[in-house]
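Structure data (compact mmCIF, C-alpha atoms) from upload12.txt:
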```txt
# COMPACT_ATOMS: atom_id res chain seq x y z
CA MET A 1 0.00 0.00 0.00
CA ILE A 2 1.19 3.51 -0.83
CA SER A 3 0.44 6.20 1.75
CA ALA A 4 -1.69 8.99 0.27
CA HIS A 5 -0.17 11.51 2.69
CA ILE A 6 3.22 11.47 0.91
CA PHE A 7 1.51 13.58 -1.79
CA ARG A 8 1.77 17.15 -0.53
CA ALA A 9 0.40 20.34 -2.07
CA TYR A 10 3.50 20.90 -4.17
CA ASP A 11 5.83 17.94 -3.77
CA ILE A 12 6.04 14.33 -2.63
CA ARG A 13 7.81 13.63 0.65
CA GLY A 14 8.15 10.93 3.31
CA VAL A 15 10.46 8.80 5.44
CA TYR A 16 12.57 6.59 3.19
CA ASP A 17 11.60 2.91 3.06
CA LYS A 18 8.64 3.54 5.34
CA ASP A 19 6.40 6.03 3.54
CA LEU A 20 8.58 6.54 0.48
CA THR A 21 9.66 3.12 -0.79
CA PRO A 22 11.57 2.41 -4.02
CA GLU A 23 8.49 0.63 -5.39
CA ALA A 24 6.24 3.62 -4.63
CA VAL A 25 8.71 5.98 -6.29
CA LYS A 26 8.88 3.77 -9.40
CA LYS A 27 5.08 3.96 -9.70
CA ILE A 28 5.10 7.74 -9.23
CA ALA A 29 7.75 8.07 -11.97
CA LYS A 30 5.69 5.85 -14.28
CA ALA A 31 2.61 7.98 -13.55
CA LEU A 32 4.61 11.12 -14.38
CA GLY A 33 5.68 9.50 -17.65
CA ASN A 34 2.04 8.66 -18.44
CA PHE A 35 1.11 12.26 -17.58
CA VAL A 36 3.53 13.78 -20.14
CA GLY A 37 2.95 11.19 -22.90
CA GLU A 38 5.44 8.98 -24.73
CA ARG A 39 8.76 9.52 -26.48
CA GLU A 40 9.42 12.65 -24.42
CA ARG A 41 12.57 13.53 -22.45
CA ILE A 42 12.52 13.80 -18.65
CA VAL A 43 15.45 15.17 -16.64
CA VAL A 44 16.33 13.40 -13.39
CA GLY A 45 18.62 14.63 -10.59
CA ARG A 46 19.17 13.92 -6.91
CA ASP A 47 20.64 15.56 -3.84
CA GLY A 48 23.22 14.00 -1.52
CA ARG A 49 20.93 11.92 0.69
CA LEU A 50 21.98 8.33 1.31
CA SER A 51 18.79 6.99 -0.26
CA GLY A 52 19.25 9.13 -3.36
CA ASP A 53 20.92 6.55 -5.59
CA THR A 54 18.36 3.84 -4.85
CA LEU A 55 15.44 6.18 -5.46
CA LYS A 56 17.02 7.55 -8.63
CA ASP A 57 17.23 4.00 -10.00
CA SER A 58 13.52 3.58 -9.26
CA VAL A 59 12.66 6.89 -10.93
CA VAL A 60 14.65 5.96 -14.04
CA LYS A 61 13.00 2.53 -14.26
CA GLY A 62 9.54 4.04 -13.92
CA ILE A 63 10.16 6.68 -16.60
CA ILE A 64 11.65 4.34 -19.21
CA ALA A 65 8.83 1.82 -18.54
CA SER A 66 6.38 4.60 -19.50
CA GLY A 67 8.10 4.89 -22.88
CA ASN A 68 9.97 8.14 -22.14
CA ASP A 69 13.69 8.92 -22.22
CA VAL A 70 15.74 9.98 -19.20
CA ILE A 71 18.43 12.66 -19.07
CA ASP A 72 20.36 11.87 -15.89
CA VAL A 73 22.13 14.99 -14.57
CA GLY A 74 23.41 13.16 -11.48
CA MET A 75 23.92 14.69 -8.04
CA VAL A 76 23.02 18.38 -8.32
CA PRO A 77 21.40 21.21 -6.35
CA THR A 78 17.69 21.59 -7.08
CA PRO A 79 18.16 24.90 -9.00
CA LEU A 80 20.38 23.05 -11.50
CA LEU A 81 17.69 20.43 -12.12
CA TYR A 82 15.21 23.24 -12.77
CA PHE A 83 17.69 24.96 -15.09
CA ALA A 84 18.37 21.69 -16.94
CA SER A 85 14.67 21.08 -17.54
CA ILE A 86 14.47 24.37 -19.45
CA SER A 87 17.91 24.54 -21.09
CA LEU A 88 17.67 20.95 -22.36
CA ARG A 89 14.06 21.53 -23.50
CA ALA A 90 12.78 18.55 -21.53
CA GLN A 91 9.09 17.79 -21.19
CA ALA A 92 9.44 17.21 -17.44
CA GLY A 93 11.91 16.94 -14.57
CA VAL A 94 12.25 15.03 -11.31
CA MET A 95 14.40 16.23 -8.42
CA ILE A 96 14.94 13.60 -5.72
CA THR A 97 15.24 15.57 -2.49
CA ALA A 98 13.59 16.21 0.86
CA SER A 99 15.19 19.67 1.02
CA HIS A 100 15.62 20.64 4.70
CA ASN A 101 14.03 17.52 6.23
CA PRO A 102 16.06 15.12 8.44
CA PRO A 103 18.42 12.56 6.82
CA ASP A 104 15.94 9.66 6.89
CA TRP A 105 13.49 11.56 4.68
CA ASN A 106 13.44 11.89 0.91
CA GLY A 107 11.04 13.14 -1.72
CA LEU A 108 10.34 14.24 -5.27
CA LYS A 109 9.89 17.70 -6.78
CA LEU A 110 8.25 17.54 -10.20
CA VAL A 111 8.30 19.99 -13.09
CA ARG A 112 6.62 19.88 -16.50
CA GLU A 113 7.34 21.61 -19.81
CA ASN A 114 8.97 25.07 -19.67
CA GLY A 115 9.94 24.47 -16.04
CA GLN A 116 6.38 24.81 -14.72
CA PHE A 117 5.82 23.09 -11.40
CA ILE A 118 3.49 20.15 -10.99
CA PHE A 119 1.37 20.75 -7.90
CA GLU A 120 -2.15 20.19 -6.59
CA GLY A 121 -4.40 21.62 -9.28
CA SER A 122 -1.84 21.40 -12.09
CA GLY A 123 -1.31 17.66 -12.38
CA MET A 124 -0.30 16.38 -8.95
CA GLU A 125 -3.84 15.23 -8.21
CA LYS A 126 -3.94 13.18 -11.45
CA ILE A 127 -0.59 11.55 -10.70
CA ARG A 128 -1.71 10.78 -7.14
CA GLU A 129 -5.01 9.24 -8.27
CA ASN A 130 -3.34 7.02 -10.88
CA VAL A 131 -0.67 5.82 -8.44
CA LEU A 132 -3.14 5.02 -5.64
CA ALA A 133 -5.47 3.23 -8.11
CA ASN A 134 -2.49 1.49 -9.77
CA ASN A 135 -3.84 2.87 -13.05
CA LEU A 136 -0.47 2.91 -14.81
CA PHE A 137 0.39 2.31 -18.46
CA GLU A 138 3.58 0.46 -19.42
CA SER A 139 4.83 1.08 -22.93
CA PRO A 140 5.93 -1.84 -25.10
CA GLN A 141 8.75 0.39 -26.32
CA LYS A 142 11.03 1.28 -23.39
CA GLY A 143 12.77 4.63 -23.20
CA LYS A 144 16.54 5.13 -23.13
CA VAL A 145 18.88 6.80 -20.64
CA GLU A 146 21.62 9.35 -21.28
CA THR A 147 23.76 11.33 -18.85
CA TYR A 148 24.46 15.06 -19.07
CA GLU A 149 26.91 17.32 -17.23
CA ILE A 150 24.86 20.45 -16.41
CA PHE A 151 27.32 22.28 -14.12
CA LYS A 152 29.19 24.04 -16.92
CA ASP A 153 26.01 25.27 -18.63
CA TYR A 154 24.53 26.57 -15.38
CA SER A 155 27.77 28.27 -14.33
CA LYS A 156 28.12 30.09 -17.63
CA PHE A 157 24.48 31.17 -17.54
CA VAL A 158 24.34 32.55 -13.98
CA LEU A 159 27.77 34.21 -14.09
CA SER A 160 26.63 36.14 -17.18
CA LYS A 161 23.88 37.65 -15.01
CA ILE A 162 26.12 38.82 -12.13
CA ASP A 163 28.50 41.79 -12.06
CA VAL A 164 30.71 42.02 -8.95
CA LYS A 165 32.61 45.33 -8.86
CA ARG A 166 35.10 44.68 -6.04
CA LYS A 167 36.62 41.79 -4.15
CA LEU A 168 34.57 40.52 -1.22
CA ARG A 169 35.30 38.04 1.54
CA VAL A 170 32.48 35.50 1.93
CA VAL A 171 31.92 32.56 4.28
CA LEU A 172 29.66 29.76 3.05
CA ASP A 173 28.10 26.95 5.08
CA THR A 174 26.88 24.39 2.55
CA ALA A 175 25.69 22.06 5.38
CA ASN A 176 27.15 18.90 3.79
CA GLY A 177 24.52 19.43 1.08
CA VAL A 178 24.80 19.62 -2.69
CA ALA A 179 25.31 23.41 -2.79
CA GLY A 180 28.91 22.54 -1.84
CA LEU A 181 29.42 21.06 -5.30
CA ILE A 182 29.14 24.41 -7.08
CA ALA A 183 28.54 27.48 -4.87
CA PRO A 184 32.17 27.92 -3.67
CA GLN A 185 33.61 27.76 -7.20
CA LEU A 186 31.07 30.26 -8.54
CA PHE A 187 31.92 32.82 -5.84
CA ARG A 188 35.62 32.33 -6.58
CA LYS A 189 35.02 32.84 -10.30
CA LEU A 190 33.51 36.22 -9.37
CA GLY A 191 36.77 37.13 -7.64
CA CYS A 192 35.54 36.61 -4.08
CA GLU A 193 37.72 35.25 -1.31
CA VAL A 194 35.76 32.24 -0.07
CA ILE A 195 35.89 30.30 3.20
CA VAL A 196 33.71 27.17 3.16
CA LEU A 197 32.29 25.28 6.13
CA ASN A 198 30.90 21.72 5.87
CA GLU A 199 31.66 21.56 2.15
CA LYS A 200 31.87 17.78 1.67
CA VAL A 201 28.55 16.28 0.56
CA ASP A 202 27.37 13.79 3.18
CA GLY A 203 23.76 12.59 3.31
CA ARG A 204 24.00 11.99 7.06
CA PHE A 205 24.45 15.78 7.53
CA PRO A 206 27.02 15.29 10.32
CA ALA A 207 27.68 19.00 10.99
CA HIS A 208 24.05 19.95 11.54
CA LEU A 209 20.60 19.42 10.05
CA PRO A 210 20.20 20.85 6.52
CA GLU A 211 17.75 23.47 7.80
CA PRO A 212 19.52 26.86 7.96
CA ASN A 213 18.32 28.71 11.07
CA GLU A 214 19.50 30.43 14.27
CA GLU A 215 20.51 27.13 15.83
CA THR A 216 22.33 25.49 12.91
CA LEU A 217 24.22 28.59 11.70
CA GLN A 218 26.05 29.47 14.92
CA GLU A 219 29.37 28.22 13.52
CA LEU A 220 28.86 30.32 10.39
CA SER A 221 28.04 33.40 12.47
CA LYS A 222 31.25 33.09 14.48
CA GLU A 223 33.35 32.46 11.38
CA VAL A 224 32.00 35.57 9.61
CA VAL A 225 33.09 37.73 12.55
CA LYS A 226 36.43 35.92 12.92
CA GLN A 227 37.25 36.30 9.21
CA LYS A 228 35.98 39.91 9.08
CA ALA A 229 33.87 38.79 6.12
CA ASP A 230 31.47 40.96 4.16
CA PHE A 231 28.73 38.38 4.66
CA GLY A 232 27.97 34.72 5.26
CA ALA A 233 25.53 32.39 3.53
CA GLY A 234 23.97 29.20 4.89
CA PHE A 235 22.27 26.81 2.44
CA ASP A 236 19.65 24.13 2.93
CA GLY A 237 20.16 20.51 1.85
CA ASP A 238 19.34 20.98 -1.83
CA GLY A 239 20.53 24.54 -2.40
CA ASP A 240 17.28 26.27 -3.29
CA ARG A 241 17.17 28.28 -0.05
CA ILE A 242 19.67 30.58 1.63
CA ILE A 243 19.97 32.38 4.96
CA PHE A 244 22.33 35.35 5.13
CA VAL A 245 24.61 36.36 8.00
CA ASP A 246 25.67 40.00 8.09
CA ASP A 247 29.17 41.32 8.79
CA ARG A 248 28.35 41.59 12.51
CA GLY A 249 27.49 37.89 12.66
CA ARG A 250 23.73 38.41 12.87
CA ILE A 251 21.71 35.56 11.32
CA ILE A 252 18.98 37.18 9.20
CA THR A 253 16.15 34.67 9.38
CA SER A 254 13.48 37.15 8.30
CA GLY A 255 12.63 36.55 4.66
CA SER A 256 10.69 39.81 4.74
CA THR A 257 13.94 41.70 5.33
CA MET A 258 15.64 39.92 2.43
CA ILE A 259 12.71 40.50 0.09
CA ILE A 260 12.90 44.23 0.86
CA LEU A 261 16.64 44.34 0.29
CA PHE A 262 16.52 42.55 -3.08
CA ALA A 263 13.26 44.18 -4.23
CA GLY A 264 14.75 47.60 -3.49
CA GLU A 265 17.65 46.91 -5.85
CA TYR A 266 15.41 45.60 -8.63
CA LEU A 267 12.92 48.45 -8.34
CA LYS A 268 15.72 51.03 -8.67
CA LYS A 269 16.55 49.49 -12.03
CA TYR A 270 13.01 48.50 -13.06
CA PRO A 271 10.50 50.96 -11.51
CA ASN A 272 6.80 50.07 -11.63
CA SER A 273 7.63 46.36 -11.73
CA LYS A 274 5.73 43.69 -9.81
CA VAL A 275 7.12 41.86 -6.78
CA VAL A 276 5.44 38.66 -5.55
CA PHE A 277 5.57 37.50 -1.92
CA ASP A 278 3.63 35.16 0.32
CA ILE A 279 0.86 35.87 2.80
CA CYS A 280 3.18 35.23 5.78
CA CYS A 281 5.39 38.25 5.08
CA SER A 282 5.43 41.36 7.22
CA ASP A 283 3.24 44.32 6.24
CA VAL A 284 6.52 46.20 5.91
CA VAL A 285 7.13 44.38 2.60
CA LYS A 286 3.94 45.66 0.97
CA GLU A 287 4.49 49.18 2.34
CA PHE A 288 8.11 49.24 1.12
CA ILE A 289 7.26 48.06 -2.40
CA HIS A 290 4.56 50.74 -2.74
CA ALA A 291 7.02 53.40 -1.53
CA ALA A 292 9.70 52.17 -3.96
CA ASN A 293 7.33 52.58 -6.95
CA GLY A 294 6.67 48.87 -7.25
CA ILE A 295 3.50 46.79 -7.40
CA PRO A 296 3.11 44.25 -4.55
CA ILE A 297 1.40 40.93 -5.33
CA ILE A 298 0.46 38.61 -2.44
CA THR A 299 0.03 34.86 -2.93
CA LYS A 300 -0.04 31.51 -1.11
CA VAL A 301 2.98 29.97 0.61
CA GLY A 302 5.02 27.60 -1.53
CA HIS A 303 7.53 27.74 -4.36
CA VAL A 304 5.01 26.56 -6.95
CA PHE A 305 2.59 29.38 -6.14
CA ILE A 306 5.24 32.12 -6.12
CA LYS A 307 6.70 31.04 -9.47
CA ASP A 308 3.27 30.55 -11.04
CA LYS A 309 2.19 34.03 -9.96
CA MET A 310 5.48 35.59 -11.12
CA LEU A 311 5.05 34.12 -14.59
CA LYS A 312 1.40 35.19 -14.83
CA GLU A 313 2.12 38.72 -13.58
CA ASN A 314 5.48 39.11 -15.37
CA ALA A 315 7.08 39.99 -12.01
CA ILE A 316 10.72 41.00 -11.65
CA PHE A 317 11.32 39.30 -8.29
CA GLY A 318 9.62 37.15 -5.68
CA GLY A 319 10.21 35.84 -2.19
CA GLU A 320 8.86 33.87 0.73
CA TYR A 321 9.20 34.51 4.44
CA SER A 322 11.09 31.20 4.64
CA ASN A 323 13.91 32.76 2.56
CA HIS A 324 13.13 31.13 -0.76
CA LEU A 325 14.05 33.88 -3.22
CA TYR A 326 12.95 33.93 -6.88
CA PHE A 327 14.57 35.75 -9.78
CA SER A 328 13.17 36.53 -13.21
CA GLU A 329 16.72 36.18 -14.60
CA VAL A 330 16.70 32.47 -13.75
CA PHE A 331 13.24 31.64 -15.10
CA CYS A 332 11.50 32.68 -11.84
CA PHE A 333 12.87 29.68 -9.92
CA ASP A 334 13.90 29.80 -6.26
CA ASP A 335 17.67 29.59 -6.34
CA GLY A 336 19.71 30.00 -3.16
CA ILE A 337 22.99 29.90 -5.08
CA PHE A 338 21.97 32.69 -7.44
CA ALA A 339 20.66 34.68 -4.46
CA GLY A 340 24.08 34.47 -2.81
CA LEU A 341 25.83 35.64 -5.97
CA LYS A 342 23.34 38.50 -6.35
CA MET A 343 24.04 39.58 -2.78
CA ALA A 344 27.74 39.77 -3.65
CA GLU A 345 26.88 42.00 -6.61
CA ILE A 346 24.70 44.31 -4.49
CA LEU A 347 27.32 44.76 -1.78
CA SER A 348 30.16 45.24 -4.27
CA LYS A 349 28.44 48.27 -5.80
CA GLN A 350 28.11 50.35 -2.62
CA GLU A 351 30.02 51.45 0.44
CA LYS A 352 27.42 50.40 2.99
CA LYS A 353 27.89 47.13 4.84
CA LEU A 354 25.17 44.46 4.88
CA SER A 355 24.54 45.21 8.57
CA GLU A 356 23.83 48.85 7.71
CA LEU A 357 21.39 47.87 4.97
CA ILE A 358 19.64 45.49 7.37
CA ASP A 359 19.33 48.18 10.04
CA GLU A 360 17.63 50.52 7.56
CA VAL A 361 14.72 48.08 7.07
CA PRO A 362 11.74 49.03 9.30
CA LYS A 363 10.41 46.27 11.54
CA TYR A 364 7.22 45.54 13.48
CA PHE A 365 6.77 43.20 16.44
CA ASN A 366 6.30 39.70 15.09
CA LYS A 367 6.60 35.97 15.68
CA PHE A 368 6.81 34.02 12.46
CA ASP A 369 8.38 30.68 13.37
CA TRP A 370 5.80 29.31 15.76
CA ASN A 371 5.00 25.66 15.12
CA PHE A 372 2.41 23.43 16.77
CA SER A 373 2.49 19.66 16.19
CA CYS A 374 -0.65 18.34 14.54
CA PRO A 375 -1.12 15.06 12.62
CA ASP A 376 -1.34 15.37 8.83
CA GLU A 377 -4.82 13.88 8.83
CA LYS A 378 -6.11 16.48 11.33
CA LYS A 379 -4.31 19.72 10.49
CA PHE A 380 -6.53 20.93 7.63
CA GLY A 381 -9.65 20.14 9.66
CA VAL A 382 -8.36 22.30 12.50
CA ILE A 383 -7.85 25.22 10.12
CA GLU A 384 -11.39 24.76 8.74
CA LYS A 385 -12.76 24.76 12.29
CA LEU A 386 -11.01 28.06 13.04
CA LYS A 387 -12.27 29.57 9.79
CA GLN A 388 -15.90 28.64 10.45
CA LYS A 389 -15.72 30.05 14.00
CA PHE A 390 -14.31 33.39 12.82
CA LEU A 391 -16.80 33.66 9.94
CA LYS A 392 -19.64 33.07 12.39
CA GLU A 393 -18.23 35.85 14.59
CA GLY A 394 -18.11 38.22 11.62
CA LEU A 395 -14.36 38.86 11.86
CA ARG A 396 -12.35 40.25 8.92
CA LEU A 397 -10.27 37.46 7.43
CA SER A 398 -8.49 36.08 4.37
CA GLU A 399 -8.84 32.47 3.20
CA LEU A 400 -6.01 32.69 0.64
CA ASP A 401 -3.82 30.25 2.58
CA GLY A 402 -5.07 28.96 5.93
CA VAL A 403 -6.98 31.63 7.82
CA LYS A 404 -5.64 35.14 8.43
CA LEU A 405 -7.40 37.49 10.85
CA PHE A 406 -6.96 41.25 10.52
CA PHE A 407 -7.05 43.60 13.50
CA LYS A 408 -6.64 47.36 13.71
CA ASP A 409 -2.95 47.18 14.66
CA GLY A 410 -1.91 43.72 13.54
CA TRP A 411 -2.84 40.29 12.21
CA ILE A 412 -2.66 36.53 12.92
CA LEU A 413 -2.27 33.74 10.38
CA TRP A 414 -2.87 30.04 11.11
CA ARG A 415 -1.97 27.63 8.30
CA ALA A 416 -1.32 23.92 7.90
CA SER A 417 2.24 23.11 6.86
CA ASN A 418 2.44 21.59 3.39
CA THR A 419 5.56 19.59 4.24
CA GLN A 420 5.31 18.57 7.91
CA PRO A 421 2.67 17.46 10.49
CA GLN A 422 2.38 20.97 11.90
CA ILE A 423 0.19 24.02 12.10
CA LYS A 424 2.20 27.20 11.70
CA VAL A 425 1.21 30.45 13.37
CA TYR A 426 2.34 33.93 12.37
CA VAL A 427 1.64 37.07 14.42
CA GLU A 428 2.46 40.71 13.71
CA ALA A 429 1.53 43.93 15.54
CA ARG A 430 2.52 47.60 15.54
CA SER A 431 2.99 47.76 19.33
CA LYS A 432 4.48 45.47 21.96
CA GLU A 433 1.25 45.40 23.95
CA LYS A 434 -0.88 44.46 20.92
CA PHE A 435 1.70 41.81 19.95
CA LYS A 436 1.44 40.08 23.33
CA GLU A 437 -2.36 40.24 23.20
CA LEU A 438 -2.45 38.68 19.71
CA CYS A 439 0.05 35.93 20.63
CA ASP A 440 -2.10 34.91 23.60
CA TYR A 441 -5.24 34.96 21.44
CA ALA A 442 -3.57 32.96 18.63
CA GLN A 443 -2.43 30.17 20.94
CA LYS A 444 -5.72 29.98 22.85
CA GLU A 445 -7.86 29.76 19.70
CA LEU A 446 -5.61 27.11 18.15
CA GLU A 447 -5.52 24.95 21.27
CA ASN A 448 -9.34 25.14 21.52
CA ALA A 449 -9.71 24.13 17.86
CA MET A 450 -7.28 21.23 18.28
CA GLY A 451 -9.27 20.02 21.29
```

Please express the file's structure as structure tokens.
Amino acid sequence: MISAHIFRAYDIRGVYDKDLTPEAVKKIAKALGNFVGERERIVVGRDGRLSGDTLKDSVVKGIIASGNDVIDVGMVPTPLLYFASISLRAQAGVMITASHNPPDWNGLKLVRENGQFIFEGSGMEKIRENVLANNLFESPQKGKVETYEIFKDYSKFVLSKIDVKRKLRVVLDTANGVAGLIAPQLFRKLGCEVIVLNEKVDGRFPAHLPEPNEETLQELSKEVVKQKADFGAGFDGDGDRIIFVDDRGRIITSGSTMIILFAGEYLKKYPNSKVVFDICCSDVVKEFIHAANGIPIITKVGHVFIKDKMLKENAIFGGEYSNHLYFSEVFCFDDGIFAGLKMAEILSKQEKKLSELIDEVPKYFNKFDWNFSCPDEKKFGVIEKLKQKFLKEGLRLSELDGVKLFFKDGWILWRASNTQPQIKVYVEARSKEKFKELCDYAQKELENAMG
């Protein structure tokens, strides 16, 4: 039996050999092949997890059984798989990764033609239904497999988009993930002096979990100060997300701050452009974009929704509170490696330090990393219960993603995580007193709804 809960809103994820077995993955790959047709080309890549090779074999077998060809790009960061799917004109792509999840997890990120994501509402539901019903077609004519070295193509492409004006000193923590295969060499090609922590790819993630945050980036913070570096960058396990550390060693976990910093640079060059960001972001983001002669566009949380909205709106830049950053120059994909290179460009063109730029960003009182454990099978029901209660009470709310309540001097958002058995809560207020009041209210209402 294949567990239905491994199919998330915008990817497939589970514990290896428990939820996500090689046989299940083979069926998913076959269903993807059926979804795109026959005699098409599908790019396949994997991150550095220990189960990656086994699952890649299953993916390849499933795709060729569906009558499609495989382009195997090997062990690569997720942004390179995305890039390959477009540059090699493939009909689809499969990235085998569980991103920031613990070592015993793995998963699949799926893209279709022109690098468009496959998610709930754009094909994921059809793939899920066919896998669970075992409604899978096997072609009498098997596909073939070829390998392709994508690093050189990607390097040439992204370096043509970056212009670093002076030498910088940068510290990178690649977290024993696949960003270590390419990020250090790209920074060096730009003329940066680079110090690398935890560079060797190791799917056990011995240095720390592949989730860049305040806890895991302490070593990076200290090294930035010790080396008197211009900035530090911590990557997640598959290289599509980045957390910056400023020259004072401060770990900048607020994606809202980073969106403002990057959007400000783009809007100077391209005024009246659109910037897309998720519903979790601080109100400061919307206010800043308006003030900088930009057009703010708010959407649901998740890389598939940001990219989809960027393409539809022809946006110049996009970002999530979780520090996924999206660039029109790289086909609107979230690319932590490109984000790091772009930061080097920004800092090289001015005299201000990163810490000074960070301090210029206005901030409200907020709590955006507040997680409550809730089983996958219950979490969406809890959100629905909250929504119905607030609608009955006549409160002002948004149902865009979860349920977001608006107050005179702040807001609260409750939403079910799309990747973990959690409900996430976000609170923001203009004053300390209102912030405390909203935090207490948010926790009380959630606990009541969870029973």

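What separates CA of Ile289 (chain A) from CA of Val361 (chain A) is a distance of 12.1 Å.
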
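The two atoms in question, CA of Ile412 (chain A) and CA of Glu445 (chain A), are spaced 10.9 Å apart.
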
Quiz item: Taking (3.3, 39.4, -14.2) in the file's coordinates, which residues come within 9 Å, counting only C-alpha atoms, written as a count of residues only?
Solution: 12

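Among the candidates A:Leu186, A:Val403, A:Val145, A:Ala416, the one nearest to Ser160 (chain A) when counting only C-alpha atoms is A:Leu186.
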
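Counting from CA of Lys228 (chain A), the distance to CA of Asp247 (chain A) is 7.0 Å.
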
Quiz prompt | Distance query Lys165 (chain A) at most 10 Å, all atoms listed in the file, self and fewer than 3 positions along chain excluded, as a PyMOL selection string | solution = chain A and resi 162+168+190-191+344-350

Mind giving me the axis-aligned box for region 295-313 of chain A with 4 Å on every side, centre plus edges in Å to one decimal, as JSON?
```
{"center_x": 3.7, "center_y": 36.7, "center_z": -7.1, "size_x": 15.6, "size_y": 28.2, "size_z": 23.4}
```

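When all atoms listed in the file are used to measure the gap to Arg8 (chain A), the shortest distance among A:Val94, A:Arg89, A:Met124, A:Lys161 belongs to A:Met124.
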
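Residue nearest Phe407 (chain A) within the list A:Arg128, A:Lys434, A:Lys389, A:Arg166: A:Lys434 [criterion: smallest interatomic distance, only C-alpha atoms].
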
Practice problem: Dig up all the protein and nucleic acid residues within 10 Å of (-2.6, 20.7, 8.8) in the file frame, using all atoms listed in the file, and format them as a list of chain:residue names. | Solution: A:Phe372, A:Ser373, A:Cys374, A:Pro375, A:Asp376, A:Glu377, A:Lys378, A:Lys379, A:Phe380, A:Gly381, A:Val382, A:Ile383, A:Glu384, A:Gly402, A:Trp414, A:Arg415, A:Ala416, A:Ser417, A:Asn418, A:Thr419, A:Gln420, A:Pro421, A:Gln422, A:Ile423, A:Lys424

Surrounding residues of Ala179 (chain A) excluding itself and chain neighbours under 6 positions, 12 Å, all atoms listed in the file, as a short mmCIF file (atom, residue, chain, number, x, y, z; two decimals) with C-alpha atoms, in the frame of the given file:
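To be explicit, this is the file written out as part-v6.cif:
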```cif
data_model
loop_
_atom_site.label_atom_id
_atom_site.label_comp_id
_atom_site.auth_asym_id
_atom_site.auth_seq_id
_atom_site.Cartn_x
_atom_site.Cartn_y
_atom_site.Cartn_z
CA ASP A 47 20.64 15.56 -3.84
CA GLY A 48 23.22 14.00 -1.52
CA MET A 75 23.92 14.69 -8.04
CA VAL A 76 23.02 18.38 -8.32
CA PRO A 77 21.40 21.21 -6.35
CA THR A 78 17.69 21.59 -7.08
CA PRO A 79 18.16 24.90 -9.00
CA LEU A 80 20.38 23.05 -11.50
CA SER A 99 15.19 19.67 1.02
CA PHE A 151 27.32 22.28 -14.12
CA LEU A 172 29.66 29.76 3.05
CA ASP A 173 28.10 26.95 5.08
CA GLN A 185 33.61 27.76 -7.20
CA LEU A 186 31.07 30.26 -8.54
CA PHE A 187 31.92 32.82 -5.84
CA VAL A 196 33.71 27.17 3.16
CA LEU A 197 32.29 25.28 6.13
CA ASN A 198 30.90 21.72 5.87
CA GLU A 199 31.66 21.56 2.15
CA LYS A 200 31.87 17.78 1.67
CA VAL A 201 28.55 16.28 0.56
CA ASP A 202 27.37 13.79 3.18
CA PRO A 210 20.20 20.85 6.52
CA ALA A 233 25.53 32.39 3.53
CA GLY A 234 23.97 29.20 4.89
CA PHE A 235 22.27 26.81 2.44
CA ASP A 236 19.65 24.13 2.93
CA GLY A 237 20.16 20.51 1.85
CA ASP A 238 19.34 20.98 -1.83
CA GLY A 239 20.53 24.54 -2.40
CA ASP A 240 17.28 26.27 -3.29
CA ARG A 241 17.17 28.28 -0.05
CA ILE A 242 19.67 30.58 1.63
CA ASP A 335 17.67 29.59 -6.34
CA GLY A 336 19.71 30.00 -3.16
CA ILE A 337 22.99 29.90 -5.08
CA PHE A 338 21.97 32.69 -7.44
CA GLY A 340 24.08 34.47 -2.81
#
```

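Considering all atoms listed in the file, the residue among A:Ser3, A:Thr174, A:Asn34, A:Asn366 positioned nearest to Ile127 (chain A) is A:Asn34.
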